[in-house]
>>> print(open('data_8.cif').read())   # mmCIF, C-alpha atoms
data_coords
#
loop_
_atom_site.label_atom_id
_atom_site.label_comp_id
_atom_site.auth_asym_id
_atom_site.auth_seq_id
_atom_site.Cartn_x
_atom_site.Cartn_y
_atom_site.Cartn_z
CA MET A 1 -10.72 3.94 -37.64
CA ASP A 2 -11.97 2.57 -40.99
CA ALA A 3 -12.88 -1.06 -41.64
CA ARG A 4 -9.61 -1.80 -43.43
CA ARG A 5 -7.50 -0.69 -40.49
CA ILE A 6 -9.59 -2.75 -38.07
CA LEU A 7 -9.21 -5.79 -40.34
CA ARG A 8 -5.47 -5.24 -40.56
CA ARG A 9 -5.17 -5.02 -36.76
CA MET A 10 -7.11 -8.28 -36.38
CA MET A 11 -4.87 -10.00 -38.93
CA ILE A 12 -1.72 -8.77 -37.14
CA ALA A 13 -3.03 -10.01 -33.78
CA LEU A 14 -3.77 -13.42 -35.30
CA ALA A 15 -0.32 -13.57 -36.89
CA VAL A 16 1.37 -12.74 -33.56
CA CYS A 17 -0.49 -15.60 -31.88
CA LEU A 18 0.41 -18.06 -34.63
CA LEU A 19 4.08 -17.06 -34.58
CA ALA A 20 4.23 -17.22 -30.78
CA LEU A 21 2.67 -20.66 -30.44
CA GLY A 22 5.91 -22.57 -31.01
CA GLN A 23 7.96 -20.76 -28.35
CA TRP A 24 5.57 -18.88 -26.07
CA GLY A 25 2.06 -20.12 -26.68
CA CYS A 26 -0.58 -17.61 -27.70
CA PRO A 27 -1.26 -15.17 -24.86
CA SER A 28 -4.90 -15.50 -23.95
CA GLU A 29 -7.04 -14.30 -21.10
CA GLU A 30 -9.38 -17.23 -21.57
CA LEU A 31 -6.74 -19.91 -20.96
CA ILE A 32 -6.70 -20.48 -17.20
CA SER A 33 -4.31 -22.92 -15.54
CA SER A 34 -5.97 -25.88 -13.87
CA VAL A 35 -3.32 -25.82 -11.13
CA PRO A 36 -4.83 -24.10 -8.08
CA ILE A 37 -2.74 -21.23 -6.78
CA GLU A 38 -2.99 -18.89 -3.84
CA TRP A 39 -1.45 -15.47 -3.43
CA LYS A 40 -1.61 -12.55 -1.04
CA MET A 41 -2.03 -8.86 -1.69
CA LEU A 42 -1.29 -5.90 0.53
CA ILE A 43 -3.75 -3.16 -0.42
CA ALA A 44 -3.51 0.48 0.65
CA GLN A 45 -7.00 1.67 1.62
CA PRO A 46 -7.61 5.39 2.39
CA SER A 47 -9.35 5.99 5.71
CA GLY A 48 -9.88 9.68 6.31
CA GLU A 49 -6.45 11.27 6.72
CA GLN A 50 -4.85 7.88 7.27
CA THR A 51 -4.19 4.69 5.29
CA GLN A 52 -5.03 1.14 6.24
CA LEU A 53 -2.85 -1.65 4.85
CA ALA A 54 -5.28 -4.53 4.32
CA LEU A 55 -3.95 -8.05 3.77
CA TYR A 56 -6.02 -10.34 1.51
CA THR A 57 -5.59 -13.98 0.52
CA LEU A 58 -6.65 -14.64 -3.07
CA PRO A 59 -8.40 -16.01 -5.05
CA LYS A 60 -10.75 -16.68 -2.12
CA GLY A 61 -10.82 -13.00 -1.29
CA THR A 62 -10.31 -13.60 2.43
CA LEU A 63 -9.48 -10.51 4.48
CA GLU A 64 -6.71 -11.77 6.76
CA ARG A 65 -6.10 -8.47 8.56
CA ALA A 66 -7.81 -5.13 8.09
CA ASP A 67 -4.70 -3.09 8.90
CA VAL A 68 -1.34 -4.83 9.30
CA PHE A 69 0.44 -1.51 9.87
CA ALA A 70 -1.69 -0.56 12.86
CA SER A 71 -1.47 -4.09 14.28
CA ALA A 72 2.33 -4.17 14.00
CA ASN A 73 3.10 -0.60 15.05
CA GLY A 74 0.30 0.21 17.48
CA VAL A 75 -0.81 3.30 15.53
CA PRO A 76 -2.33 3.78 12.05
CA LEU A 77 -0.31 5.14 9.13
CA ASP A 78 -0.84 8.87 8.67
CA GLY A 79 -1.30 10.25 5.16
CA SER A 80 -1.86 8.63 1.77
CA VAL A 81 0.26 6.07 -0.08
CA ALA A 82 0.98 6.58 -3.80
CA ALA A 83 3.02 3.40 -4.38
CA ILE A 84 4.32 0.30 -2.61
CA GLU A 85 7.70 -0.96 -3.77
CA GLN A 86 9.43 -4.18 -2.64
CA PHE A 87 13.16 -4.69 -2.23
CA SER A 88 15.02 -7.40 -0.37
CA SER A 89 12.99 -8.08 2.79
CA MET A 90 11.46 -4.61 2.92
CA LEU A 91 8.40 -2.71 1.72
CA PHE A 92 8.73 0.96 0.76
CA LEU A 93 5.56 3.07 1.16
CA VAL A 94 5.86 6.18 -1.03
CA GLN A 95 4.04 9.19 0.47
CA PRO A 96 4.40 12.33 -1.73
CA ALA A 97 2.18 14.62 0.36
CA GLU A 98 4.07 13.71 3.53
CA GLN A 99 7.44 14.07 1.74
CA ARG A 100 8.68 10.74 2.99
CA ILE A 101 9.01 7.02 2.31
CA VAL A 102 8.13 4.67 5.15
CA VAL A 103 10.12 1.41 5.20
CA LEU A 104 8.53 -1.74 6.64
CA ASP A 105 9.81 -5.22 7.40
CA ALA A 106 7.96 -7.35 4.82
CA ALA A 107 7.50 -10.23 7.29
CA THR A 108 6.31 -8.34 10.38
CA TYR A 109 5.08 -5.03 8.87
CA ARG A 110 6.91 -3.15 11.59
CA THR A 111 8.47 0.18 10.67
CA VAL A 112 12.18 -0.19 9.98
CA ALA A 113 12.89 3.43 9.08
CA THR A 114 11.46 6.59 7.56
CA ILE A 115 13.29 8.19 4.65
CA ALA A 116 12.71 11.95 4.95
CA THR A 117 12.64 13.66 1.54
CA THR A 118 11.74 17.21 2.63
CA PRO A 119 11.44 19.56 0.78
CA HIS A 120 10.91 17.13 -2.11
CA SER A 121 7.81 15.05 -2.91
CA PRO A 122 8.78 11.49 -3.88
CA GLN A 123 7.16 9.92 -6.96
CA ASN A 124 8.75 6.49 -6.80
CA ILE A 125 11.91 4.64 -5.83
CA CYS A 126 14.14 2.02 -7.47
CA PHE A 127 17.16 0.07 -6.30
CA ALA A 128 20.44 -0.27 -8.16
CA ASN A 129 22.14 -2.52 -5.59
CA ALA A 130 21.82 -3.71 -1.99
CA THR A 131 22.92 -0.41 -0.49
CA THR A 132 21.66 2.31 -2.82
CA GLY A 133 18.19 3.53 -3.81
CA TYR A 134 17.13 6.29 -6.21
CA ILE A 135 14.04 8.44 -5.64
CA ALA A 136 12.31 10.40 -8.41
CA TYR A 137 11.11 13.78 -7.14
CA ARG A 138 8.58 16.07 -8.80
CA ASP A 139 11.00 19.00 -9.07
CA SER A 140 13.57 17.86 -11.66
CA THR A 141 15.81 16.13 -9.13
CA ILE A 142 16.68 12.61 -8.02
CA GLY A 143 17.52 11.66 -4.44
CA ILE A 144 20.23 9.06 -3.79
CA VAL A 145 19.52 6.99 -0.69
CA ASP A 146 22.02 5.14 1.49
CA LEU A 147 20.02 2.03 2.43
CA THR A 148 22.33 1.26 5.34
CA THR A 149 21.21 4.46 7.10
CA PHE A 150 17.99 5.19 5.15
CA THR A 151 19.06 8.77 4.49
CA VAL A 152 19.21 10.84 1.31
CA VAL A 153 22.91 11.54 0.86
CA ARG A 154 22.88 13.39 -2.46
CA THR A 155 20.63 14.84 -5.15
CA LEU A 156 21.08 14.93 -8.92
CA THR A 157 19.47 17.29 -11.42
CA VAL A 158 17.65 15.60 -14.32
CA GLY A 159 14.94 16.82 -16.73
CA LYS A 160 11.57 18.40 -16.02
CA SER A 161 8.84 16.52 -14.11
CA PRO A 162 10.49 13.16 -13.37
CA ARG A 163 7.95 10.31 -13.20
CA GLY A 164 8.95 6.70 -13.80
CA ILE A 165 12.32 5.44 -12.54
CA ALA A 166 13.96 2.01 -12.93
CA ALA A 167 17.32 0.28 -12.56
CA LEU A 168 19.10 -2.09 -14.94
CA GLY A 169 22.55 -3.32 -13.98
CA ASN A 170 24.59 -0.25 -13.05
CA ARG A 171 22.28 2.17 -14.84
CA VAL A 172 19.13 4.00 -13.71
CA ALA A 173 16.62 5.50 -16.16
CA VAL A 174 14.40 8.47 -15.26
CA CYS A 175 11.40 9.54 -17.37
CA ASN A 176 11.39 13.34 -17.67
CA GLN A 177 7.74 13.68 -18.59
CA ALA A 178 7.68 17.40 -19.47
CA ASP A 179 10.95 17.27 -21.46
CA GLY A 180 10.24 14.25 -23.64
CA THR A 181 13.57 12.80 -22.54
CA VAL A 182 14.98 10.01 -20.38
CA SER A 183 17.98 10.64 -18.14
CA ILE A 184 20.43 7.73 -17.73
CA ILE A 185 22.39 7.68 -14.47
CA ASP A 186 25.63 5.71 -14.15
CA THR A 187 25.39 4.36 -10.59
CA ARG A 188 29.16 3.80 -10.38
CA SER A 189 29.80 7.56 -10.48
CA ASN A 190 26.27 8.81 -9.73
CA THR A 191 26.34 11.13 -12.73
CA VAL A 192 23.95 11.61 -15.64
CA SER A 193 25.72 9.79 -18.47
CA ALA A 194 23.12 10.40 -21.20
CA THR A 195 19.92 12.29 -21.93
CA VAL A 196 17.86 10.41 -24.50
CA PRO A 197 15.08 12.05 -26.57
CA VAL A 198 12.00 9.81 -26.89
CA ALA A 199 8.33 10.21 -27.87
CA PRO A 200 6.41 12.97 -26.01
CA TYR A 201 5.57 12.56 -22.33
CA PRO A 202 7.62 9.52 -21.24
CA THR A 203 5.95 8.33 -18.05
CA PHE A 204 6.72 4.66 -17.32
CA VAL A 205 10.00 2.75 -17.51
CA GLY A 206 11.21 -0.72 -16.57
CA GLY A 207 14.43 -2.67 -16.84
CA GLY A 208 13.75 -6.10 -15.43
CA SER A 209 16.57 -8.11 -13.90
CA ASP A 210 18.39 -9.26 -17.04
CA PRO A 211 21.45 -7.00 -17.62
CA ALA A 212 21.51 -7.99 -21.28
CA SER A 213 18.08 -6.44 -21.93
CA SER A 214 17.17 -2.83 -22.57
CA PHE A 215 15.03 -0.33 -20.74
CA ALA A 216 11.40 -0.30 -21.88
CA ILE A 217 10.04 3.26 -21.95
CA VAL A 218 6.35 4.05 -22.36
CA SER A 219 5.43 7.52 -23.65
CA LEU A 220 1.86 8.84 -23.49
CA GLY A 221 2.12 10.90 -26.66
CA SER A 222 0.87 14.47 -27.08
CA GLY A 223 -2.70 15.53 -26.41
CA LYS A 224 -3.25 13.15 -23.47
CA LEU A 225 -2.32 15.55 -20.67
CA SER A 226 -3.05 18.79 -22.53
CA PRO A 227 -6.17 18.76 -24.75
CA SER A 228 -4.88 21.83 -26.64
CA GLU A 229 -2.06 19.79 -28.17
CA GLN A 230 -2.32 17.86 -31.39
CA LEU A 231 -2.62 14.14 -30.75
CA SER A 232 0.42 11.92 -31.30
CA PRO A 233 0.77 8.14 -30.78
CA ALA A 234 1.52 6.40 -27.51
CA VAL A 235 4.89 4.70 -28.03
CA LEU A 236 6.98 1.94 -26.45
CA THR A 237 10.72 2.62 -26.91
CA PHE A 238 13.63 0.29 -26.15
CA TYR A 239 16.95 1.79 -25.11
CA ASN A 240 20.21 -0.07 -24.43
CA PRO A 241 22.08 2.03 -21.83
CA PHE A 242 25.31 0.06 -22.14
CA GLU A 243 25.62 0.61 -25.90
CA GLN A 244 23.82 3.97 -25.65
CA SER A 245 21.59 3.00 -28.55
CA LEU A 246 17.90 3.35 -29.28
CA GLY A 247 16.21 0.11 -30.24
CA VAL A 248 12.80 -0.74 -31.62
CA GLN A 249 9.99 1.80 -31.24
CA ILE A 250 6.42 0.42 -31.25
CA GLU A 251 3.23 2.46 -31.53
CA LEU A 252 0.82 1.23 -28.87
CA SER A 253 -2.38 0.74 -30.84
CA GLN A 254 -5.21 -1.50 -29.65
CA LEU A 255 -7.78 -3.57 -31.52
CA PHE A 256 -10.36 -0.78 -31.60
CA HIS A 257 -8.11 2.15 -30.59
CA ASP A 258 -5.58 3.92 -32.76
CA ALA A 259 -2.22 4.65 -31.06
CA GLN A 260 -3.00 8.38 -31.20
CA VAL A 261 -5.93 7.98 -28.80
CA THR A 262 -4.45 5.17 -26.69
CA ILE A 263 -3.63 6.26 -23.12
CA PRO A 264 -1.04 4.09 -21.31
CA GLN A 265 -1.87 3.38 -17.66
CA GLY A 266 1.26 1.63 -16.42
CA LEU A 267 4.07 -0.86 -16.96
CA VAL A 268 4.84 -4.07 -15.05
CA VAL A 269 8.28 -5.63 -15.59
CA THR A 270 9.19 -9.18 -14.48
CA ARG A 271 12.41 -11.06 -13.78
CA SER A 272 11.65 -13.26 -16.81
CA ALA A 273 12.63 -10.51 -19.30
CA THR A 274 8.98 -9.82 -20.07
CA ALA A 275 6.87 -6.73 -19.47
CA PHE A 276 3.16 -5.98 -19.44
CA VAL A 277 1.97 -2.63 -20.82
CA LEU A 278 -1.27 -1.44 -19.24
CA LEU A 279 -3.35 0.53 -21.75
CA ASP A 280 -6.77 2.11 -21.36
CA GLY A 281 -8.50 -0.81 -23.07
CA GLU A 282 -6.26 -3.86 -22.68
CA VAL A 283 -2.96 -5.28 -21.38
CA GLN A 284 -0.24 -6.17 -23.88
CA MET A 285 2.72 -8.47 -23.25
CA VAL A 286 6.26 -7.57 -24.35
CA ASP A 287 9.45 -9.62 -24.89
CA LEU A 288 12.17 -7.33 -23.50
CA ALA A 289 15.12 -9.32 -24.82
CA GLY A 290 13.65 -9.62 -28.32
CA GLN A 291 12.20 -6.07 -28.28
CA ARG A 292 8.87 -7.24 -29.65
CA MET A 293 5.20 -7.24 -28.77
CA LEU A 294 3.79 -10.70 -28.00
CA GLY A 295 0.08 -9.91 -27.95
CA THR A 296 -2.89 -8.95 -25.81
CA VAL A 297 -3.29 -10.94 -22.58
CA VAL A 298 -6.16 -9.05 -20.90
CA SER A 299 -8.98 -7.62 -22.99
CA GLU A 300 -10.40 -5.12 -20.52
CA SER A 301 -9.39 -1.76 -19.08
CA PRO A 302 -6.81 -2.22 -16.30
CA SER A 303 -6.70 0.10 -13.30
CA GLY A 304 -3.26 -0.96 -12.10
CA GLY A 305 -0.79 -3.78 -11.76
CA THR A 306 2.25 -5.10 -9.92
CA TYR A 307 4.74 -7.96 -9.97
CA ASP A 308 4.65 -10.55 -7.18
CA PHE A 309 8.33 -11.52 -6.75
CA ALA A 310 7.62 -14.24 -4.18
CA ARG A 311 5.19 -16.19 -6.38
CA ASN A 312 6.44 -15.01 -9.77
CA LEU A 313 3.05 -13.66 -10.82
CA VAL A 314 1.89 -10.54 -12.63
CA LEU A 315 -1.13 -9.12 -10.82
CA ILE A 316 -3.51 -6.89 -12.79
CA TRP A 317 -6.59 -5.23 -11.31
CA ALA A 318 -9.60 -3.70 -13.04
CA HIS A 319 -12.32 -1.61 -11.43
CA GLN A 320 -15.90 -2.79 -11.86
CA GLU A 321 -19.25 -1.68 -10.46
CA SER A 322 -19.19 -4.38 -7.78
CA GLY A 323 -15.54 -3.83 -6.76
CA THR A 324 -12.22 -4.83 -8.28
CA ARG A 325 -11.32 -7.88 -10.36
CA ILE A 326 -7.82 -9.25 -9.75
CA ILE A 327 -6.15 -11.28 -12.52
CA ALA A 328 -2.98 -13.32 -11.91
CA LEU A 329 -0.86 -13.91 -15.03
CA ASP A 330 2.07 -16.21 -15.71
CA PRO A 331 5.01 -13.87 -16.54
CA VAL A 332 6.44 -16.19 -19.21
CA SER A 333 3.36 -17.36 -21.12
CA GLY A 334 0.93 -14.58 -20.27
CA GLN A 335 -1.67 -17.22 -19.36
CA VAL A 336 -4.22 -16.47 -16.67
CA LYS A 337 -3.33 -18.44 -13.53
CA GLY A 338 -6.22 -17.28 -11.36
CA GLN A 339 -8.87 -14.60 -10.86
CA ALA A 340 -10.66 -13.06 -7.89
CA MET A 341 -13.20 -10.37 -7.04
CA LEU A 342 -12.83 -7.99 -4.10
CA PRO A 343 -15.71 -5.76 -2.92
CA ILE A 344 -13.38 -2.75 -2.63
CA THR A 345 -11.65 -0.31 -4.93
CA VAL A 346 -7.97 -1.18 -5.38
CA ASN A 347 -5.61 1.59 -6.48
CA VAL A 348 -2.30 0.85 -4.75
CA ALA A 349 -1.21 -2.71 -3.89
CA ALA A 350 1.69 -5.17 -3.70
CA GLY A 351 1.79 -8.93 -4.15
CA LEU A 352 3.27 -10.87 -1.24
#
>>> encode(input="data_8.cif", output="structure tokens")
Amino acid sequence: MDARRILRRMMIALAVCLLALGQWGCPSEELISSVPIEWKMLIAQPSGEQTQLALYTLPKGTLERADVFASANGVPLDGSVAAIEQFSSMLFLVQPAEQRIVVLDAATYRTVATIATTPHSPQNICFANATTGYIAYRDSTIGIVDLTTFTVVRTLTVGKSPRGIAALGNRVAVCNQADGTVSIIDTRSNTVSATVPVAPYPTFVGGGSDPASSFAIVSLGSGKLSPSEQLSPAVLTFYNPFEQSLGVQIELSQLFHDAQVTIPQGLVVTRSATAFVLLDGEVQMVDLAGQRMLGTVVSESPSGGTYDFARNLVLIWAHQESGTRIIALDPVSGQVKGQAMLPITVNVAAGL
């Protein structure tokens, strides 16, 4: 990138901060709240062919229990965990290799049920209402789960290589990574109501909890998964499923990275109609209702992130030589509320 483009990016970043000051404040990693906070994280730690669920209290970094699953159930959890999703009073442990999702009571960590997905490998799960869940499988299908019995009662065909999945009102969006499309499911009829073309390799999607907002869809762009392809920009796309209309599309460039070489790492959506896009060099904050980028809130490479519903915090983690740095962000202002260091590598976690 030449000097003029770098200067232009710096000027845009400054302008965003100045415009945001009146309503949002300027997102800044350096501004840390003086109000002491405490939060807990449940961290999935591989242990041979099993997984330990370690419970930490932060920011002190106190290990409360080395394995809450084993303590509550009398045996360790077999297999690996790819994601931990929270819904109602339950935790859903997604296990693709085991072709199942293990459901825990969030208070006791005891197993409530096991959702068998054989012969499908689950990627993730979302929840449209109190009784229905939707599982993205690797093989171009979606499983519909009856949460009263914890059984898959139906499958739907979507596009190729489903990845991200999210609910918004009575709609569910599925990122078909290999197709460059997003399937929209109407949960009232459990049919695919639209197939929306977006930028190449859509991978992450979020809808928040505000039914007036749109889905936020993050596409990797070409050349990120296949080096033989010509590079194309990483893109954030807004889509209103109720009006069936595409909204703003934003190229995800960074201060010293053009959008063509930017590699998105994840997306964290909050109940405050904000989202946090995890890129390979920084974390950017998004206003979902206004369909606009608010600015950079973390200026380092994130390794993952999650939303803590109980404490209304966005938790970002970044791998370092000495372990993992955990950063707690305010979901409305983007301000840093607390930080902690753990002497372990964190890949999959949930805030409690």
>>> residues_around(input="data_8.cif", residues="region 299-302 of chain A", least_positions_apart="4", cutoff="8 Å", atoms="only C-alpha atoms", output="count of residues only")
12
>>> residues_around(input="data_8.cif", residues="Ala66 (chain A)", least_positions_apart="4", cutoff="8 Å", atoms="only C-alpha atoms", output="VMD selection string")
chain A and resid 52 to 55
>>> closest_atom_pairs(input="data_8.cif", of="region 233-314 of chain A", to="region 322-337 of chain A", cutoff="8 Å", atoms="all atoms listed in the file", output="CSV")
residue,atom,partner,partner_atom,distance
A:Thr270,CA,A:Pro331,CA,6.6
A:Ser272,CA,A:Val332,CA,6.4
A:Thr274,CA,A:Pro331,CA,6.7
A:Ala275,CA,A:Pro331,CA,7.9
A:Met285,CA,A:Gly334,CA,7.0
A:Val297,CA,A:Gly334,CA,6.0
A:Asn312,CA,A:Pro331,CA,7.0
A:Leu313,CA,A:Asp330,CA,5.6
A:Val314,CA,A:Leu329,CA,5.0
>>> resolve_selection(input="data_8.cif", expression="the PyMOL selection byres ((chain A and resi 58-63) around 10)", output="PyMOL selection string")
chain A and resi 36-41+54-57+64-67+326-328+338-343
>>> resolve_selection(input="data_8.cif", expression="the PyMOL selection byres ((chain A and resi 113-128) around 8)", output="MDAnalysis selection string")
chainID A and resid 82:83 85 87 94:104 111:112 129:130 132:139 143 150:152 162:172 187
>>> residues_around(input="data_8.cif", residues="Asn73 (chain A)", least_positions_apart="2", cutoff="8 Å", atoms="only C-alpha atoms", output="PyMOL selection string")
chain A and resi 69-71+75-76+109-111
>>> residues_near_point(input="data_8.cif", point="(11.4, 3.1, -17.6)", cutoff="8 Å", atoms="only C-alpha atoms", output="list in words")
Gly164, Ile165, Ala166, Ala173, Val174, Cys175, Thr203, Phe204, Val205, Gly206, Gly207, Phe215, Ala216, Ile217 and Val218 of chain A
>>> atom_distance(input="data_8.cif", atom1="CA of Val198 (chain A)", atom2="CA of Ala178 (chain A)")
11.5 Å
>>> closest_residue(input="data_8.cif", among="A:Ser226, A:Ser219, A:Ser189, A:Thr141", to="Ser161 (chain A)", atoms="all atoms listed in the file")
A:Thr141
>>> residues_around(input="data_8.cif", residues="Asp78 (chain A)", least_positions_apart="2", cutoff="8 Å", atoms="all atoms listed in the file", output="list in words")
Glu49, Gln50, Thr51, Pro76 and Ser80 of chain A
>>> atom_distance(input="data_8.cif", atom1="CA of Gln45 (chain A)", atom2="CA of Met90 (chain A)")
19.5 Å
>>> atom_distance(input="data_8.cif", atom1="CA of Gln260 (chain A)", atom2="CA of Ser232 (chain A)")
4.9 Å
>>> resolve_selection(input="data_8.cif", expression="the PyMOL selection byres ((chain A and resi 184) around 6)", output="JSON, numbers by chain")
{"A": [172, 173, 183, 185, 192, 193, 194]}
>>> axis_aligned_box(input="data_8.cif", around="region 169-183 of chain A", padding_each_side="8 Å", output="lines of an AutoDock Vina configuration file")
center_x = 16.1
center_y = 7.0
center_z = -18.3
size_x = 32.9
size_y = 36.7
size_z = 26.6
